[in-house]
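A.B. asks: This one is structure_0.txt, compact mmCIF, C-alpha atoms.
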# COMPACT_ATOMS: atom_id res chain seq x y z
CA ILE A 1 113.50 114.06 -141.49
CA HIS A 2 116.28 111.77 -140.39
CA PHE A 3 115.28 108.14 -139.96
CA ALA A 4 117.48 105.62 -138.22
CA VAL A 5 116.62 102.86 -140.69
CA ARG A 6 117.57 103.48 -144.31
CA GLY A 7 118.15 101.38 -147.38
CA ARG A 8 116.36 99.90 -150.33
CA PHE A 9 113.96 97.74 -148.28
CA ARG A 10 112.96 100.70 -146.11
CA THR A 11 112.53 102.80 -149.26
CA ALA A 12 110.40 100.04 -150.79
CA LYS A 13 108.34 99.96 -147.59
CA TRP A 14 107.71 103.74 -147.79
CA ILE A 15 106.71 103.45 -151.45
CA ILE A 16 104.33 100.57 -150.70
CA LEU A 17 102.89 102.56 -147.76
CA ALA A 18 102.25 105.56 -150.02
CA VAL A 19 100.67 103.42 -152.74
CA ALA A 20 98.50 101.45 -150.27
CA LEU A 21 97.22 104.58 -148.54
CA GLY A 22 96.73 106.28 -151.91
CA VAL A 23 94.62 103.37 -153.12
CA TYR A 24 92.55 103.33 -149.92
CA TYR A 25 91.92 107.08 -149.89
CA LEU A 26 91.46 107.66 -153.65
CA VAL A 27 89.50 104.61 -154.90
CA PRO A 28 86.12 106.10 -153.83
CA PHE A 29 86.76 108.98 -156.23
CA LEU A 30 87.36 106.75 -159.27
CA ARG A 31 84.58 106.89 -161.85
CA PHE A 32 83.29 104.02 -163.98
CA ASP A 33 80.54 104.43 -166.58
CA ARG A 34 77.85 101.80 -166.09
CA GLY A 35 75.26 103.53 -168.25
CA PRO A 36 72.32 105.80 -167.50
CA GLY A 37 70.67 105.52 -164.10
CA ALA A 38 73.52 103.49 -162.62
CA PRO A 39 76.02 104.90 -160.11
CA SER A 40 79.29 106.06 -161.63
CA GLN A 41 81.50 105.37 -158.62
CA ALA A 42 83.93 102.58 -159.53
CA VAL A 43 83.80 100.86 -156.12
CA LEU A 44 80.53 101.34 -154.24
CA ILE A 45 78.63 99.47 -151.56
CA ASP A 46 75.13 100.69 -152.37
CA LEU A 47 72.98 99.78 -149.38
CA ASP A 48 69.91 101.57 -150.80
CA ARG A 49 69.84 99.36 -153.90
CA GLY A 50 71.36 96.37 -152.14
CA ARG A 51 74.26 96.06 -154.54
CA LEU A 52 78.03 95.98 -154.53
CA TYR A 53 79.76 97.60 -157.50
CA VAL A 54 83.42 96.92 -158.22
CA PHE A 55 84.26 98.42 -161.62
CA PHE A 56 82.48 96.17 -164.15
CA ILE A 57 81.18 93.72 -161.51
CA GLU A 58 77.73 94.23 -159.99
CA LEU A 59 76.73 91.89 -157.18
CA TRP A 60 73.15 91.59 -155.91
CA PRO A 61 72.09 90.18 -152.52
CA GLN A 62 70.95 86.89 -154.09
CA GLU A 63 74.50 86.43 -155.36
CA VAL A 64 75.83 86.16 -151.83
CA THR A 65 77.13 82.67 -152.58
CA TYR A 66 79.48 84.16 -155.18
CA VAL A 67 80.66 86.73 -152.65
CA MET A 68 81.23 83.97 -150.08
CA GLY A 69 83.16 82.01 -152.68
CA LEU A 70 85.31 85.04 -153.48
CA LEU A 71 85.93 85.68 -149.77
CA ILE A 72 86.90 82.04 -149.22
CA LEU A 73 89.22 82.23 -152.22
CA ALA A 74 90.72 85.47 -150.87
CA ALA A 75 91.23 83.83 -147.46
CA LEU A 76 92.95 80.83 -149.06
CA ILE A 77 95.20 83.13 -151.07
CA LEU A 78 96.01 85.05 -147.89
CA PHE A 79 96.82 81.82 -146.03
CA LEU A 80 98.98 80.60 -148.93
CA MET A 81 100.73 83.94 -149.20
CA ASN A 82 101.47 83.88 -145.48
CA ALA A 83 102.83 80.35 -145.72
CA VAL A 84 105.07 81.21 -148.66
CA ALA A 85 105.96 84.83 -147.96
CA GLY A 86 104.48 85.80 -144.61
CA ARG A 87 107.12 88.40 -143.84
CA ILE A 88 106.30 90.22 -147.09
CA TRP A 89 102.61 90.46 -146.13
CA CYS A 90 103.22 91.29 -142.48
CA GLY A 91 106.15 93.61 -143.10
CA TYR A 92 104.92 95.54 -146.12
CA LEU A 93 101.23 95.07 -147.01
CA CYS A 94 99.25 94.36 -143.83
CA PRO A 95 96.98 97.34 -143.04
CA GLN A 96 98.12 97.27 -139.41
CA THR A 97 101.73 97.62 -140.55
CA VAL A 98 100.90 100.40 -142.98
CA TRP A 99 99.05 102.53 -140.43
CA THR A 100 101.55 101.74 -137.65
CA ASP A 101 104.39 102.98 -139.87
CA LEU A 102 102.40 106.12 -140.62
CA PHE A 103 101.70 106.82 -136.93
CA LEU A 104 105.32 106.15 -135.96
CA ALA A 105 106.53 108.47 -138.73
CA VAL A 106 104.33 111.23 -137.33
CA GLU A 107 105.72 110.55 -133.84
CA ARG A 108 109.30 110.76 -135.12
CA LEU A 109 108.53 113.90 -137.09
CA VAL A 110 106.98 115.69 -134.11
CA GLU A 111 108.96 114.40 -131.12
CA GLY A 112 112.22 113.30 -132.73
CA ASP A 113 114.09 110.00 -132.74
CA ARG A 114 113.91 107.40 -129.95
CA ARG A 115 116.54 109.12 -127.84
CA ALA A 116 114.69 112.46 -128.04
CA ARG A 117 111.38 110.78 -127.20
CA LEU A 118 112.88 109.05 -124.15
CA LYS A 119 114.35 112.37 -123.03
CA LEU A 120 110.97 114.03 -123.53
CA ASP A 121 109.23 111.24 -121.56
CA ALA A 122 111.62 111.71 -118.64
CA ALA A 123 111.39 115.50 -118.68
CA PRO A 124 108.94 117.27 -116.39
CA TRP A 125 105.79 118.67 -117.93
CA SER A 126 106.42 121.97 -119.67
CA VAL A 127 104.76 124.11 -122.32
CA GLU A 128 107.00 122.54 -124.98
CA LYS A 129 106.20 118.98 -123.88
CA ILE A 130 102.47 119.69 -123.80
CA ALA A 131 102.66 121.38 -127.22
CA LEU A 132 104.55 118.45 -128.78
CA ARG A 133 102.21 115.84 -127.30
CA THR A 134 99.14 117.86 -128.32
CA LEU A 135 100.44 118.27 -131.88
CA LYS A 136 101.28 114.56 -132.18
CA HIS A 137 97.89 113.45 -130.91
CA ALA A 138 96.07 116.04 -133.05
CA ILE A 139 97.80 114.68 -136.18
CA TRP A 140 97.00 111.12 -135.08
CA LEU A 141 93.34 112.06 -134.62
CA LEU A 142 93.33 113.72 -138.04
CA ILE A 143 94.71 110.53 -139.62
CA ALA A 144 92.10 108.43 -137.77
CA TRP A 145 89.32 110.81 -138.82
CA TRP A 146 90.53 110.76 -142.42
CA THR A 147 90.68 106.95 -142.40
CA GLY A 148 87.14 106.60 -141.05
CA GLY A 149 85.92 109.27 -143.44
CA ALA A 150 87.44 107.48 -146.40
CA TRP A 151 85.67 104.27 -145.34
CA VAL A 152 82.31 106.09 -145.36
CA LEU A 153 82.98 107.23 -148.94
CA TYR A 154 82.73 103.62 -150.11
CA PHE A 155 79.02 103.66 -149.18
CA ALA A 156 77.93 106.84 -151.01
CA ASP A 157 78.93 108.88 -154.04
CA ALA A 158 82.25 110.24 -152.78
CA PRO A 159 82.36 113.71 -154.40
CA THR A 160 78.73 114.39 -153.47
CA LEU A 161 79.22 113.24 -149.88
CA VAL A 162 82.42 115.27 -149.46
CA ARG A 163 80.58 118.36 -150.71
CA GLN A 164 77.65 117.64 -148.35
CA LEU A 165 79.99 117.13 -145.40
CA ALA A 166 81.88 120.36 -146.18
CA THR A 167 78.61 122.34 -146.31
CA PHE A 168 77.05 120.54 -143.30
CA GLN A 169 74.24 119.15 -145.47
CA ALA A 170 75.17 115.46 -145.21
CA PRO A 171 72.70 112.95 -143.82
CA PRO A 172 73.21 112.37 -140.07
CA VAL A 173 74.19 108.74 -140.65
CA ALA A 174 77.20 109.89 -142.73
CA GLY A 175 78.52 111.92 -139.82
CA PHE A 176 77.83 109.13 -137.38
Written as structure tokens, that's how I'd like the structure from this file.
C.D. replies:
Amino acid sequence: IHFAVRGRFRTAKWIILAVALGVYYLVPFLRFDRGPGAPSQAVLIDLDRGRLYVFFIELWPQEVTYVMGLLILAALILFLMNAVAGRIWCGYLCPQTVWTDLFLAVERLVEGDRRARLKLDAAPWSVEKIALRTLKHAIWLLIAWWTGGAWVLYFADAPTLVRQLATFQAPPVAGF
């Protein structure tokens, strides 16, 4: 693939994108031993038991004040980070930026650079144009499906749920 923008900052952005997406998609599969009878998923929002597990931290509903405190602290850190280094957050770490870069990379890969895309936009509808647009949108839908599916894995044991989904034995709410 030939990209118009190259250099160390663009390379750093691609590395950060890969790491951020890797963390998002793979964290539900991390295991953490909490002892017998406790879930072994490292990060789990267990709605059945009413608990949030994040590695060695276990939060119960009555500890909502701690969660609110952590969220307020996270918001303050985000505000401070934006005041000090807003372009770093917005340009490299913001989830919107990460997924936008991924979707634009797919577009460039399928339809070509900006000049090729403009030429394709201006061209009359043909089998090639329909095929390229269909492929691009199919990949985009796959990314969207994968992103939503990864989010669901934070609410149930990930390997079990993936197996249930693959064998069409998952609870209806998981598919919803």
A.B. asks: As an mmCIF file with C-alpha atoms, in the frame of the given file, please: the residues near segment 88-90 of chain A (cut-off 12 Å, only C-alpha atoms, same-chain neighbours under 2 positions excluded).
C.D. replies:
data_model
loop_
_atom_site.group_PDB
_atom_site.id
_atom_site.type_symbol
_atom_site.label_atom_id
_atom_site.label_comp_id
_atom_site.auth_asym_id
_atom_site.auth_seq_id
_atom_site.Cartn_x
_atom_site.Cartn_y
_atom_site.Cartn_z
ATOM 1 C CA PHE A 9 113.960 97.740 -148.280
ATOM 2 C CA ALA A 12 110.400 100.040 -150.790
ATOM 3 C CA LYS A 13 108.340 99.960 -147.590
ATOM 4 C CA ILE A 16 104.330 100.570 -150.700
ATOM 5 C CA ILE A 77 95.200 83.130 -151.070
ATOM 6 C CA LEU A 78 96.010 85.050 -147.890
ATOM 7 C CA PHE A 79 96.820 81.820 -146.030
ATOM 8 C CA LEU A 80 98.980 80.600 -148.930
ATOM 9 C CA MET A 81 100.730 83.940 -149.200
ATOM 10 C CA ASN A 82 101.470 83.880 -145.480
ATOM 11 C CA ALA A 83 102.830 80.350 -145.720
ATOM 12 C CA VAL A 84 105.070 81.210 -148.660
ATOM 13 C CA ALA A 85 105.960 84.830 -147.960
ATOM 14 C CA GLY A 86 104.480 85.800 -144.610
ATOM 15 C CA TYR A 92 104.920 95.540 -146.120
ATOM 16 C CA LEU A 93 101.230 95.070 -147.010
ATOM 17 C CA CYS A 94 99.250 94.360 -143.830
ATOM 18 C CA PRO A 95 96.980 97.340 -143.040
ATOM 19 C CA GLN A 96 98.120 97.270 -139.410
ATOM 20 C CA THR A 97 101.730 97.620 -140.550
ATOM 21 C CA VAL A 98 100.900 100.400 -142.980
ATOM 22 C CA THR A 100 101.550 101.740 -137.650
#
A.B. asks: One decimal, Å: what's the distance from atom CA of Phe155 of chain A over to atom CA of Pro36 of chain A, could you say?
C.D. replies: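 One can read the atom CA of Phe155 of chain A to atom CA of Pro36 of chain A distance as 19.6 Å.
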A.B. asks: Could you check how far atom CA of Asp157 of chain A sits from atom CA of Arg31 of chain A, in Å to one decimal?
C.D. replies: 9.8 Å
A.B. asks: Nearest to Phe55 of chain A among A:Gly91, A:Pro39, A:Gly112, A:Gly7, with distances taken over all atoms listed in the file: which residue is it?
C.D. replies: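 Of the candidates, the smallest distance to Phe55 of chain A is held by A:Pro39.
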A.B. asks: So how far away is atom CA of Pro28 of chain A from atom CA of Ala158 of chain A, in Å?
C.D. replies: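 Result for atom CA of Ala158 of chain A versus atom CA of Pro28 of chain A: 5.8 Å, one decimal.
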